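Engineer: Sharing structure_26.pdb below, PDB, N, CA and C atoms:
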MODEL        1
ATOM      1  N   MET A  23       0.812  -1.202   0.000  1.00  0.00           N
ATOM      2  CA  MET A  23       0.000   0.000   0.000  1.00  0.00           C
ATOM      3  C   MET A  23       0.853   1.263   0.000  1.00  0.00           C
ATOM      4  N   ALA A  24       1.975   1.202   0.673  1.00  0.00           N
ATOM      5  CA  ALA A  24       2.834   2.380   0.752  1.00  0.00           C
ATOM      6  C   ALA A  24       3.428   2.716  -0.618  1.00  0.00           C
ATOM      7  N   ILE A  25       3.794   1.692  -1.351  1.00  0.00           N
ATOM      8  CA  ILE A  25       4.366   1.927  -2.677  1.00  0.00           C
ATOM      9  C   ILE A  25       3.301   2.496  -3.613  1.00  0.00           C
ATOM     10  N   ALA A  26       2.090   1.946  -3.535  1.00  0.00           N
ATOM     11  CA  ALA A  26       0.994   2.454  -4.363  1.00  0.00           C
ATOM     12  C   ALA A  26       0.677   3.901  -4.005  1.00  0.00           C
ATOM     13  N   SER A  27       0.734   4.226  -2.723  1.00  0.00           N
ATOM     14  CA  SER A  27       0.492   5.600  -2.281  1.00  0.00           C
ATOM     15  C   SER A  27       1.531   6.552  -2.848  1.00  0.00           C
ATOM     16  N   MET A  28       2.790   6.130  -2.817  1.00  0.00           N
ATOM     17  CA  MET A  28       3.850   6.989  -3.336  1.00  0.00           C
ATOM     18  C   MET A  28       3.732   7.158  -4.853  1.00  0.00           C
ATOM     19  N   ILE A  29       3.420   6.076  -5.554  1.00  0.00           N
ATOM     20  CA  ILE A  29       3.271   6.165  -7.013  1.00  0.00           C
ATOM     21  C   ILE A  29       2.094   7.071  -7.373  1.00  0.00           C
ATOM     22  N   LEU A  30       0.960   6.907  -6.683  1.00  0.00           N
ATOM     23  CA  LEU A  30      -0.189   7.775  -6.949  1.00  0.00           C
ATOM     24  C   LEU A  30       0.109   9.228  -6.568  1.00  0.00           C
ATOM     25  N   GLY A  31       0.919   9.434  -5.538  1.00  0.00           N
ATOM     26  CA  GLY A  31       1.327  10.788  -5.184  1.00  0.00           C
ATOM     27  C   GLY A  31       2.165  11.435  -6.268  1.00  0.00           C
ATOM     28  N   ILE A  32       3.064  10.666  -6.860  1.00  0.00           N
ATOM     29  CA  ILE A  32       3.879  11.183  -7.955  1.00  0.00           C
ATOM     30  C   ILE A  32       3.007  11.506  -9.161  1.00  0.00           C
ATOM     31  N   VAL A  33       2.072  10.618  -9.470  1.00  0.00           N
ATOM     32  CA  VAL A  33       1.153  10.869 -10.582  1.00  0.00           C
ATOM     33  C   VAL A  33       0.298  12.101 -10.292  1.00  0.00           C
ATOM     34  N   ALA A  34      -0.108  12.264  -9.050  1.00  0.00           N
ATOM     35  CA  ALA A  34      -0.949  13.410  -8.666  1.00  0.00           C
ATOM     36  C   ALA A  34      -0.216  14.734  -8.845  1.00  0.00           C
ATOM     37  N   LEU A  35       1.096  14.728  -8.665  1.00  0.00           N
ATOM     38  CA  LEU A  35       1.854  15.958  -8.851  1.00  0.00           C
ATOM     39  C   LEU A  35       1.834  16.426 -10.301  1.00  0.00           C
ATOM     40  N   PHE A  36       1.652  15.505 -11.231  1.00  0.00           N
ATOM     41  CA  PHE A  36       1.558  15.871 -12.642  1.00  0.00           C
ATOM     42  C   PHE A  36       0.108  16.018 -13.094  1.00  0.00           C
ATOM     43  N   ALA A  37      -0.801  15.317 -12.423  1.00  0.00           N
ATOM     44  CA  ALA A  37      -2.202  15.301 -12.855  1.00  0.00           C
ATOM     45  C   ALA A  37      -3.001  16.469 -12.296  1.00  0.00           C
ATOM     46  N   TRP A  38      -2.446  17.301 -11.455  1.00  0.00           N
ATOM     47  CA  TRP A  38      -3.223  18.393 -10.868  1.00  0.00           C
ATOM     48  C   TRP A  38      -3.579  19.463 -11.898  1.00  0.00           C
ATOM     49  N   LEU A  39      -2.919  19.424 -13.035  1.00  0.00           N
ATOM     50  CA  LEU A  39      -3.256  20.380 -14.089  1.00  0.00           C
ATOM     51  C   LEU A  39      -4.641  20.109 -14.670  1.00  0.00           C
ATOM     52  N   ILE A  40      -5.111  18.882 -14.544  1.00  0.00           N
ATOM     53  CA  ILE A  40      -6.457  18.510 -14.977  1.00  0.00           C
ATOM     54  C   ILE A  40      -7.211  18.092 -13.713  1.00  0.00           C
ATOM     55  N   PRO A  41      -7.981  19.013 -13.103  1.00  0.00           N
ATOM     56  CA  PRO A  41      -8.604  18.721 -11.808  1.00  0.00           C
ATOM     57  C   PRO A  41      -9.508  17.486 -11.811  1.00  0.00           C
ATOM     58  N   ILE A  42     -10.162  17.186 -12.927  1.00  0.00           N
ATOM     59  CA  ILE A  42     -11.022  16.010 -12.995  1.00  0.00           C
ATOM     60  C   ILE A  42     -10.206  14.735 -12.798  1.00  0.00           C
ATOM     61  N   LEU A  43      -8.990  14.729 -13.264  1.00  0.00           N
ATOM     62  CA  LEU A  43      -8.116  13.568 -13.136  1.00  0.00           C
ATOM     63  C   LEU A  43      -7.279  13.630 -11.856  1.00  0.00           C
ATOM     64  N   GLY A  44      -6.808  14.807 -11.506  1.00  0.00           N
ATOM     65  CA  GLY A  44      -5.883  14.943 -10.388  1.00  0.00           C
ATOM     66  C   GLY A  44      -6.494  14.736  -9.023  1.00  0.00           C
ATOM     67  N   LEU A  45      -7.716  15.202  -8.828  1.00  0.00           N
ATOM     68  CA  LEU A  45      -8.326  15.103  -7.501  1.00  0.00           C
ATOM     69  C   LEU A  45      -8.586  13.659  -7.086  1.00  0.00           C
ATOM     70  N   PRO A  46      -9.198  12.810  -7.927  1.00  0.00           N
ATOM     71  CA  PRO A  46      -9.398  11.412  -7.488  1.00  0.00           C
ATOM     72  C   PRO A  46      -8.093  10.657  -7.260  1.00  0.00           C
ATOM     73  N   VAL A  47      -7.106  10.901  -8.103  1.00  0.00           N
ATOM     74  CA  VAL A  47      -5.813  10.235  -7.924  1.00  0.00           C
ATOM     75  C   VAL A  47      -5.176  10.668  -6.605  1.00  0.00           C
ATOM     76  N   SER A  48      -5.271  11.951  -6.283  1.00  0.00           N
ATOM     77  CA  SER A  48      -4.706  12.468  -5.043  1.00  0.00           C
ATOM     78  C   SER A  48      -5.408  11.888  -3.828  1.00  0.00           C
ATOM     79  N   ILE A  49      -6.732  11.812  -3.902  1.00  0.00           N
ATOM     80  CA  ILE A  49      -7.494  11.306  -2.759  1.00  0.00           C
ATOM     81  C   ILE A  49      -7.193   9.825  -2.517  1.00  0.00           C
ATOM     82  N   VAL A  50      -7.115   9.039  -3.581  1.00  0.00           N
ATOM     83  CA  VAL A  50      -6.797   7.616  -3.421  1.00  0.00           C
ATOM     84  C   VAL A  50      -5.386   7.448  -2.856  1.00  0.00           C
ATOM     85  N   GLY A  51      -4.449   8.237  -3.336  1.00  0.00           N
ATOM     86  CA  GLY A  51      -3.089   8.182  -2.798  1.00  0.00           C
ATOM     87  C   GLY A  51      -3.030   8.571  -1.333  1.00  0.00           C
ATOM     88  N   LEU A  52      -3.812   9.578  -0.961  1.00  0.00           N
ATOM     89  CA  LEU A  52      -3.871   9.992   0.448  1.00  0.00           C
ATOM     90  C   LEU A  52      -4.435   8.887   1.324  1.00  0.00           C
ATOM     91  N   VAL A  53      -5.535   8.296   0.886  1.00  0.00           N
ATOM     92  CA  VAL A  53      -6.175   7.243   1.683  1.00  0.00           C
ATOM     93  C   VAL A  53      -5.250   6.041   1.844  1.00  0.00           C
ATOM     94  N   LEU A  54      -4.614   5.626   0.761  1.00  0.00           N
ATOM     95  CA  LEU A  54      -3.681   4.495   0.859  1.00  0.00           C
ATOM     96  C   LEU A  54      -2.497   4.820   1.772  1.00  0.00           C
ATOM     97  N   GLY A  55      -2.009   6.054   1.707  1.00  0.00           N
ATOM     98  CA  GLY A  55      -0.904   6.445   2.584  1.00  0.00           C
ATOM     99  C   GLY A  55      -1.302   6.474   4.049  1.00  0.00           C
ATOM    100  N   ILE A  56      -2.493   6.945   4.321  1.00  0.00           N
ATOM    101  CA  ILE A  56      -2.964   6.988   5.715  1.00  0.00           C
ATOM    102  C   ILE A  56      -3.172   5.578   6.248  1.00  0.00           C
ATOM    103  N   ILE A  57      -3.743   4.696   5.416  1.00  0.00           N
ATOM    104  CA  ILE A  57      -3.934   3.304   5.850  1.00  0.00           C
ATOM    105  C   ILE A  57      -2.594   2.625   6.091  1.00  0.00           C
ATOM    106  N   ALA A  58      -1.640   2.843   5.195  1.00  0.00           N
ATOM    107  CA  ALA A  58      -0.319   2.227   5.350  1.00  0.00           C
ATOM    108  C   ALA A  58       0.421   2.783   6.560  1.00  0.00           C
ATOM    109  N   THR A  59       0.181   4.042   6.897  1.00  0.00           N
ATOM    110  CA  THR A  59       0.828   4.621   8.068  1.00  0.00           C
ATOM    111  C   THR A  59       0.188   4.112   9.357  1.00  0.00           C
ATOM    112  N   ALA A  60      -1.127   3.923   9.332  1.00  0.00           N
ATOM    113  CA  ALA A  60      -1.832   3.450  10.524  1.00  0.00           C
ATOM    114  C   ALA A  60      -1.451   2.015  10.865  1.00  0.00           C
ATOM    115  N   LYS A  61      -1.278   1.193   9.836  1.00  0.00           N
ATOM    116  CA  LYS A  61      -0.826  -0.177  10.073  1.00  0.00           C
ATOM    117  C   LYS A  61       0.685  -0.163  10.241  1.00  0.00           C
ATOM    118  N   ASP A  62       1.194  -1.185  10.847  1.00  0.00           N
ATOM    119  CA  ASP A  62       2.650  -1.277  11.003  1.00  0.00           C
ATOM    120  C   ASP A  62       3.251  -1.946   9.780  1.00  0.00           C
ATOM    121  N   MET A  63       3.391  -1.167   8.724  1.00  0.00           N
ATOM    122  CA  MET A  63       3.969  -1.677   7.492  1.00  0.00           C
ATOM    123  C   MET A  63       5.437  -1.257   7.424  1.00  0.00           C
ATOM    124  N   PRO A  64       6.249  -2.024   6.702  1.00  0.00           N
ATOM    125  CA  PRO A  64       7.684  -1.729   6.690  1.00  0.00           C
ATOM    126  C   PRO A  64       8.077  -0.459   5.931  1.00  0.00           C
ATOM    127  N   ASN A  65       7.299  -0.030   4.956  1.00  0.00           N
ATOM    128  CA  ASN A  65       7.682   1.121   4.125  1.00  0.00           C
ATOM    129  C   ASN A  65       6.972   2.391   4.585  1.00  0.00           C
ATOM    130  N   LYS A  66       7.155   2.756   5.823  1.00  0.00           N
ATOM    131  CA  LYS A  66       6.453   3.914   6.373  1.00  0.00           C
ATOM    132  C   LYS A  66       6.920   5.219   5.719  1.00  0.00           C
ATOM    133  N   GLY A  67       8.157   5.298   5.314  1.00  0.00           N
ATOM    134  CA  GLY A  67       8.669   6.500   4.649  1.00  0.00           C
ATOM    135  C   GLY A  67       8.004   6.736   3.308  1.00  0.00           C
ATOM    136  N   MET A  68       7.761   5.663   2.570  1.00  0.00           N
ATOM    137  CA  MET A  68       7.071   5.785   1.292  1.00  0.00           C
ATOM    138  C   MET A  68       5.627   6.213   1.506  1.00  0.00           C
ATOM    139  N   ALA A  69       5.009   5.717   2.566  1.00  0.00           N
ATOM    140  CA  ALA A  69       3.628   6.104   2.867  1.00  0.00           C
ATOM    141  C   ALA A  69       3.550   7.589   3.213  1.00  0.00           C
ATOM    142  N   ILE A  70       4.501   8.070   3.977  1.00  0.00           N
ATOM    143  CA  ILE A  70       4.522   9.499   4.335  1.00  0.00           C
ATOM    144  C   ILE A  70       4.773  10.348   3.094  1.00  0.00           C
ATOM    145  N   ALA A  71       5.659   9.891   2.220  1.00  0.00           N
ATOM    146  CA  ALA A  71       5.901  10.614   0.964  1.00  0.00           C
ATOM    147  C   ALA A  71       4.636  10.643   0.116  1.00  0.00           C
ATOM    148  N   GLY A  72       3.902   9.540   0.087  1.00  0.00           N
ATOM    149  CA  GLY A  72       2.639   9.495  -0.643  1.00  0.00           C
ATOM    150  C   GLY A  72       1.599  10.438  -0.066  1.00  0.00           C
ATOM    151  N   ILE A  73       1.569  10.539   1.259  1.00  0.00           N
ATOM    152  CA  ILE A  73       0.629  11.460   1.915  1.00  0.00           C
ATOM    153  C   ILE A  73       0.971  12.899   1.566  1.00  0.00           C
ATOM    154  N   VAL A  74       2.255  13.238   1.614  1.00  0.00           N
ATOM    155  CA  VAL A  74       2.676  14.615   1.320  1.00  0.00           C
ATOM    156  C   VAL A  74       2.388  14.971  -0.134  1.00  0.00           C
ATOM    157  N   MET A  75       2.763  14.082  -1.048  1.00  0.00           N
ATOM    158  CA  MET A  75       2.531  14.381  -2.467  1.00  0.00           C
ATOM    159  C   MET A  75       1.044  14.357  -2.812  1.00  0.00           C
ATOM    160  N   GLY A  76       0.279  13.478  -2.163  1.00  0.00           N
ATOM    161  CA  GLY A  76      -1.164  13.457  -2.369  1.00  0.00           C
ATOM    162  C   GLY A  76      -1.828  14.728  -1.877  1.00  0.00           C
ATOM    163  N   THR A  77      -1.354  15.241  -0.745  1.00  0.00           N
ATOM    164  CA  THR A  77      -1.880  16.498  -0.218  1.00  0.00           C
ATOM    165  C   THR A  77      -1.564  17.653  -1.163  1.00  0.00           C
ATOM    166  N   LEU A  78      -0.332  17.694  -1.658  1.00  0.00           N
ATOM    167  CA  LEU A  78       0.033  18.742  -2.614  1.00  0.00           C
ATOM    168  C   LEU A  78      -0.781  18.627  -3.900  1.00  0.00           C
ATOM    169  N   GLY A  79      -1.037  17.401  -4.338  1.00  0.00           N
ATOM    170  CA  GLY A  79      -1.855  17.195  -5.522  1.00  0.00           C
ATOM    171  C   GLY A  79      -3.294  17.648  -5.310  1.00  0.00           C
ATOM    172  N   CYS A  80      -3.840  17.378  -4.109  1.00  0.00           N
ATOM    173  CA  CYS A  80      -5.204  17.838  -3.781  1.00  0.00           C
ATOM    174  C   CYS A  80      -5.275  19.353  -3.780  1.00  0.00           C
ATOM    175  N   ILE A  81      -4.314  19.976  -3.140  1.00  0.00           N
ATOM    176  CA  ILE A  81      -4.298  21.439  -3.078  1.00  0.00           C
ATOM    177  C   ILE A  81      -4.165  22.024  -4.481  1.00  0.00           C
ATOM    178  N   GLY A  82      -3.287  21.449  -5.293  1.00  0.00           N
ATOM    179  CA  GLY A  82      -3.125  21.932  -6.659  1.00  0.00           C
ATOM    180  C   GLY A  82      -4.377  21.737  -7.499  1.00  0.00           C
ATOM    181  N   SER A  83      -5.030  20.589  -7.361  1.00  0.00           N
ATOM    182  CA  SER A  83      -6.242  20.317  -8.138  1.00  0.00           C
ATOM    183  C   SER A  83      -7.373  21.258  -7.750  1.00  0.00           C
ATOM    184  N   ILE A  84      -7.551  21.468  -6.450  1.00  0.00           N
ATOM    185  CA  ILE A  84      -8.609  22.366  -5.987  1.00  0.00           C
ATOM    186  C   ILE A  84      -8.319  23.796  -6.419  1.00  0.00           C
ATOM    187  N   THR A  85      -7.051  24.187  -6.344  1.00  0.00           N
ATOM    188  CA  THR A  85      -6.672  25.532  -6.783  1.00  0.00           C
ATOM    189  C   THR A  85      -6.920  25.718  -8.272  1.00  0.00           C
ATOM    190  N   MET A  86      -6.545  24.732  -9.069  1.00  0.00           N
ATOM    191  CA  MET A  86      -6.769  24.830 -10.509  1.00  0.00           C
ATOM    192  C   MET A  86      -8.253  24.852 -10.848  1.00  0.00           C
ATOM    193  N   PHE A  87      -9.068  24.105 -10.089  1.00  0.00           N
ATOM    194  CA  PHE A  87     -10.496  24.096 -10.323  1.00  0.00           C
ATOM    195  C   PHE A  87     -11.086  25.485 -10.096  1.00  0.00           C
ATOM    196  N   PHE A  88     -10.762  26.095  -8.946  1.00  0.00           N
ATOM    197  CA  PHE A  88     -11.311  27.413  -8.648  1.00  0.00           C
ATOM    198  C   PHE A  88     -10.697  28.507  -9.511  1.00  0.00           C
ATOM    199  N   LEU A  89      -9.451  28.346  -9.897  1.00  0.00           N
ATOM    200  CA  LEU A  89      -8.823  29.297 -10.807  1.00  0.00           C
ATOM    201  C   LEU A  89      -9.490  29.227 -12.180  1.00  0.00           C
ATOM    202  N   GLY A  90      -9.836  28.019 -12.609  1.00  0.00           N
ATOM    203  CA  GLY A  90     -10.555  27.864 -13.872  1.00  0.00           C
ATOM    204  C   GLY A  90     -11.939  28.484 -13.814  1.00  0.00           C
ATOM    205  N   LEU A  91     -12.643  28.293 -12.683  1.00  0.00           N
ATOM    206  CA  LEU A  91     -13.954  28.926 -12.532  1.00  0.00           C
ATOM    207  C   LEU A  91     -13.834  30.449 -12.546  1.00  0.00           C
ATOM    208  N   TRP A  92     -12.829  30.979 -11.871  1.00  0.00           N
ATOM    209  CA  TRP A  92     -12.635  32.419 -11.812  1.00  0.00           C
ATOM    210  C   TRP A  92     -12.307  32.967 -13.198  1.00  0.00           C
ATOM    211  N   PHE A  93     -11.483  32.225 -13.932  1.00  0.00           N
ATOM    212  CA  PHE A  93     -11.107  32.633 -15.268  1.00  0.00           C
ATOM    213  C   PHE A  93     -12.328  32.622 -16.208  1.00  0.00           C
ATOM    214  N   MET A  94     -13.196  31.638 -16.049  1.00  0.00           N
ATOM    215  CA  MET A  94     -14.377  31.533 -16.899  1.00  0.00           C
ATOM    216  C   MET A  94     -15.373  32.672 -16.646  1.00  0.00           C
ATOM    217  N   MET A  95     -15.337  33.264 -15.474  1.00  0.00           N
ATOM    218  CA  MET A  95     -16.245  34.375 -15.160  1.00  0.00           C
ATOM    219  C   MET A  95     -15.914  35.603 -15.994  1.00  0.00           C
ATOM    220  N   PHE A  96     -14.674  35.769 -16.385  1.00  0.00           N
ATOM    221  CA  PHE A  96     -14.248  36.981 -17.076  1.00  0.00           C
ATOM    222  C   PHE A  96     -14.118  36.813 -18.585  1.00  0.00           C
ATOM    223  N   ILE A  97     -14.523  35.663 -19.088  1.00  0.00           N
ATOM    224  CA  ILE A  97     -14.478  35.467 -20.549  1.00  0.00           C
ATOM    225  C   ILE A  97     -15.833  35.729 -21.132  1.00  0.00           C
TER     226      ILE A  97
ENDMDL
END
Let me see the structure of the file written as structure tokens.
Structural biologist:
Amino acid sequence: MAIASMILGIVALFAWLIPILGLPVSIVGLVLGIIATAKDMPNKGMAIAGIVMGTLGCIGSITMFFLGLWFMMFI
């Protein structure tokens, strides 16, 4: 789970440019990282990295979504 969280976190860092794609990937990466951290799994560092990158991906996706809405108001 920790490896999957880290991989999804890396993908989320690139996918935040498309909020429809970036937000679900970020959320799944966050959930997997939190589950892997809560359990005593050996790759806790990868799980924490997945949580951090997933959080950054969520913030980026939400920001891009609202920035797109704001931009659409002025066109």
Engineer: Just the residues within 8 Å of Ala58 in chain A, please, counting all atoms listed in the file, with nothing from its chain fewer than 6 positions along; format it as a VMD selection string.
Structural biologist: chain A and resid 23 to 25 52 64 to 66 69 to 70
Engineer: Suppose we keep N, CA and C atoms; can you now write the selection as a PDB file, keeping the file's coordinate frame?
Structural biologist:
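Result written to again-v8.pdb:
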ATOM      1  N   MET A  23       0.812  -1.202   0.000  1.00  0.00           N
ATOM      2  CA  MET A  23       0.000   0.000   0.000  1.00  0.00           C
ATOM      3  C   MET A  23       0.853   1.263   0.000  1.00  0.00           C
ATOM      4  N   ALA A  24       1.975   1.202   0.673  1.00  0.00           N
ATOM      5  CA  ALA A  24       2.834   2.380   0.752  1.00  0.00           C
ATOM      6  C   ALA A  24       3.428   2.716  -0.618  1.00  0.00           C
ATOM      7  N   ILE A  25       3.794   1.692  -1.351  1.00  0.00           N
ATOM      8  CA  ILE A  25       4.366   1.927  -2.677  1.00  0.00           C
ATOM      9  C   ILE A  25       3.301   2.496  -3.613  1.00  0.00           C
ATOM     10  N   LEU A  52      -3.812   9.578  -0.961  1.00  0.00           N
ATOM     11  CA  LEU A  52      -3.871   9.992   0.448  1.00  0.00           C
ATOM     12  C   LEU A  52      -4.435   8.887   1.324  1.00  0.00           C
ATOM     13  N   PRO A  64       6.249  -2.024   6.702  1.00  0.00           N
ATOM     14  CA  PRO A  64       7.684  -1.729   6.690  1.00  0.00           C
ATOM     15  C   PRO A  64       8.077  -0.459   5.931  1.00  0.00           C
ATOM     16  N   ASN A  65       7.299  -0.030   4.956  1.00  0.00           N
ATOM     17  CA  ASN A  65       7.682   1.121   4.125  1.00  0.00           C
ATOM     18  C   ASN A  65       6.972   2.391   4.585  1.00  0.00           C
ATOM     19  N   LYS A  66       7.155   2.756   5.823  1.00  0.00           N
ATOM     20  CA  LYS A  66       6.453   3.914   6.373  1.00  0.00           C
ATOM     21  C   LYS A  66       6.920   5.219   5.719  1.00  0.00           C
ATOM     22  N   ALA A  69       5.009   5.717   2.566  1.00  0.00           N
ATOM     23  CA  ALA A  69       3.628   6.104   2.867  1.00  0.00           C
ATOM     24  C   ALA A  69       3.550   7.589   3.213  1.00  0.00           C
ATOM     25  N   ILE A  70       4.501   8.070   3.977  1.00  0.00           N
ATOM     26  CA  ILE A  70       4.522   9.499   4.335  1.00  0.00           C
ATOM     27  C   ILE A  70       4.773  10.348   3.094  1.00  0.00           C
TER      28      ILE A  70
END
Engineer: So what do you get for atom N of Leu35 in chain A versus CA of Met75 in chain A, distance-wise?
Structural biologist: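 For atom N of Leu35 in chain A relative to CA of Met75 in chain A, the distance reads 6.4 Å.
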Engineer: Going by the chain IDs and residue numbers used in this file, which residues fall under the PyMOL selection byres ((chain A and resi 26) around 7)? Write them as JSON, numbers by chain.
Structural biologist: {"A": [23, 24, 25, 27, 28, 29, 30, 31, 51, 54, 55, 72]}
Engineer: Provide the CA of Met86 in chain A to CA of Val33 in chain A distance in Å, to one decimal place.
Structural biologist: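 So the two atoms, CA of Met86 in chain A and CA of Val33 in chain A, lie 16.1 Å apart.
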Engineer: Of the candidates A:Ile73, A:Met94, A:Thr85, A:Phe36, which shows the shortest atom-to-atom distance to Ile57 in chain A, using only C-alpha atoms?
Structural biologist: A:Ile73
Engineer: CA of Ile49 in chain A to atom N of Gly67 in chain A: how many Å, to one decimal?
Structural biologist: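 Spanning CA of Ile49 in chain A to atom N of Gly67 in chain A is a straight-line distance of 18.6 Å.
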Engineer: Please determine, counting all atoms listed in the file, which residue among A:Leu45, A:Ile32, A:Val53, A:Met95 has the shortest atom-to-atom distance to Ser83 in chain A.
Structural biologist: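 Among the listed residues, the smallest separation from Ser83 in chain A belongs to A:Leu45.
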Engineer: Using the file's own x, y and z axes, what box holds all listed atoms of range 53-71 of chain A with 3 Å on each side, keeping edges along x, y and z, and what are its centre and edge lengths in Å to one decimal, as lines of an AutoDock Vina configuration file?
Structural biologist:
center_x = 1.2
center_y = 4.3
center_z = 5.6
size_x = 20.8
size_y = 18.7
size_z = 16.9
Engineer: Starting from the shown file, work through the PyMOL selection byres (((chain A and resi 38 and name CA) around 10) and name CA) and note down what comes out as a ChimeraX atom specification.
Structural biologist: /A:33-37,39-48,78-87
